[in-house]
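Colleague: Sharing a structure, written as structure tokens. Questions coming.
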Amino acid sequence: NIDFKGSQYPKDVILHGVFSYVRYAVSYRDFEAILAERSVQIDHATLNRWVVKTADIAKTAQTKKQTTAIFWRMDETYIKVRGKWTYLYCAVDRDGQPLI
């Protein structure tokens, strides 16, 4: 059981961050930039601490990862959310199906 007491961010943000980091295998600095685009300001060292703290969850997520097609791409669009223009990214396989 992981203790989230005293965390600056809500539990769901931390777990989503860890899951996304493990799922998409990007660097901590790249993931920091991805979160910044979503208005979540966090340092790459904090992301590292989250992954280390939740190592058992990260390991489970890694083993349950579904295999994807050899070819996939990052699809991007620009949408208005609550009156503010924002980028929306989604990884899709060669058939256009989103990778979840």
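Scheme for the structure tokens: letters A, B, ... for chains in order shown; per-chain residue numbers from 1; ligand numbers from 1 in order shown.
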Find the residues near region 7-16 of chain A: any atom within 12 Å, counting only C-alpha atoms, skip ones fewer than 3 places away on the same chain, and give them as a list in words.
Modeller: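 Contacts, in chain order: Ile2, Asp3, Phe4, Phe19, Ser20, Tyr21, Val22, Arg23, Tyr24, Phe31, Leu35, Arg38, Val40, Gln41, Ile42, Thr46, Leu47, Asn48, Arg49, Trp50, Val51, Val52, Lys53, Thr54, Ala55, Asp56, Ile57, Ala58 and Ala61 of chain A.
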Colleague: Which residues, written as a count of residues only, have at least one atom at most 9 Å from Asp43 (chain A), with only C-alpha atoms counted and residues fewer than 6 positions away on the same chain left out?
Modeller: 3
Colleague: Between CA of Lys84 (chain A) and CA of Ile34 (chain A), what is the distance in Å, rounded to a tenth?
Modeller: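 It comes out at 17.3 Å.
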Colleague: Could you pull out the residues in chain A that DSSP calls strand (DSSP E) from the backbone, as a ChimeraX atom specification?
Modeller: /A:72-81,84-93
Colleague: Which is closest to Tyr87 (chain A) among A:Ala45, A:Leu99, A:Val18, A:Met74, if we use only C-alpha atoms?
Modeller: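 Closest to Tyr87 (chain A), using only C-alpha atoms: A:Met74.
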Colleague: If you run DSSP on the backbone, which residues of region 22-76 of chain A are helix (DSSP H, G or I), as a PyMOL selection string?
Modeller: chain A and resi 22-24+28-37+44-53+55-63
Colleague: With distances taken over only C-alpha atoms, which of A:Glu76, A:Thr86, A:Gly17, A:Lys5 is nearest to Glu37 (chain A)?
Modeller: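 Looking only at the distances to Glu37 (chain A), the closest residue turns out to be A:Thr86.
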Colleague: Near Gly96 (chain A), counting only C-alpha atoms, which residues have an atom at most 12 Å away, once you skip same-chain residues fewer than 5 positions from it, shown as a PDB file with N, CA, C and O atoms, in the first residue's frame?
Modeller:
ATOM      1  N   ALA A  69       0.989  -2.214 -32.581  1.00  0.00           N
ATOM      2  CA  ALA A  69       1.461  -2.436 -33.940  1.00  0.00           C
ATOM      3  C   ALA A  69       2.883  -1.890 -34.064  1.00  0.00           C
ATOM      4  O   ALA A  69       3.303  -1.027 -33.293  1.00  0.00           O
ATOM      5  N   PHE A  71       4.014   0.008 -36.299  1.00  0.00           N
ATOM      6  CA  PHE A  71       3.950   1.399 -36.704  1.00  0.00           C
ATOM      7  C   PHE A  71       2.841   2.124 -35.950  1.00  0.00           C
ATOM      8  O   PHE A  71       1.718   1.645 -35.890  1.00  0.00           O
ATOM      9  N   TRP A  72       3.173   3.248 -35.369  1.00  0.00           N
ATOM     10  CA  TRP A  72       2.188   4.088 -34.717  1.00  0.00           C
ATOM     11  C   TRP A  72       2.675   5.523 -34.811  1.00  0.00           C
ATOM     12  O   TRP A  72       3.823   5.776 -35.126  1.00  0.00           O
ATOM     13  N   ARG A  73       1.764   6.452 -34.573  1.00  0.00           N
ATOM     14  CA  ARG A  73       2.144   7.860 -34.658  1.00  0.00           C
ATOM     15  C   ARG A  73       1.405   8.649 -33.582  1.00  0.00           C
ATOM     16  O   ARG A  73       0.414   8.181 -33.018  1.00  0.00           O
ATOM     17  N   MET A  74       1.904   9.830 -33.335  1.00  0.00           N
ATOM     18  CA  MET A  74       1.252  10.727 -32.390  1.00  0.00           C
ATOM     19  C   MET A  74       0.377  11.665 -33.203  1.00  0.00           C
ATOM     20  O   MET A  74       0.869  12.390 -34.061  1.00  0.00           O
ATOM     21  N   ASP A  75      -0.927  11.595 -32.978  1.00  0.00           N
ATOM     22  CA  ASP A  75      -1.881  12.458 -33.664  1.00  0.00           C
ATOM     23  C   ASP A  75      -2.114  13.682 -32.787  1.00  0.00           C
ATOM     24  O   ASP A  75      -2.166  13.582 -31.571  1.00  0.00           O
ATOM     25  N   CYS A  90      -2.840  12.286 -29.084  1.00  0.00           N
ATOM     26  CA  CYS A  90      -3.312  10.916 -28.950  1.00  0.00           C
ATOM     27  C   CYS A  90      -2.417  10.014 -29.793  1.00  0.00           C
ATOM     28  O   CYS A  90      -2.158  10.305 -30.963  1.00  0.00           O
ATOM     29  N   ALA A  91      -1.926   8.945 -29.190  1.00  0.00           N
ATOM     30  CA  ALA A  91      -1.129   7.975 -29.936  1.00  0.00           C
ATOM     31  C   ALA A  91      -2.093   7.032 -30.653  1.00  0.00           C
ATOM     32  O   ALA A  91      -3.007   6.485 -30.040  1.00  0.00           O
TER      33      ALA A  91
END
Colleague: What gap, in Å, lies between CA of Ala36 (chain A) and CA of Arg82 (chain A)?
Modeller: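 So the two atoms, CA of Ala36 (chain A) and CA of Arg82 (chain A), lie 17.3 Å apart.
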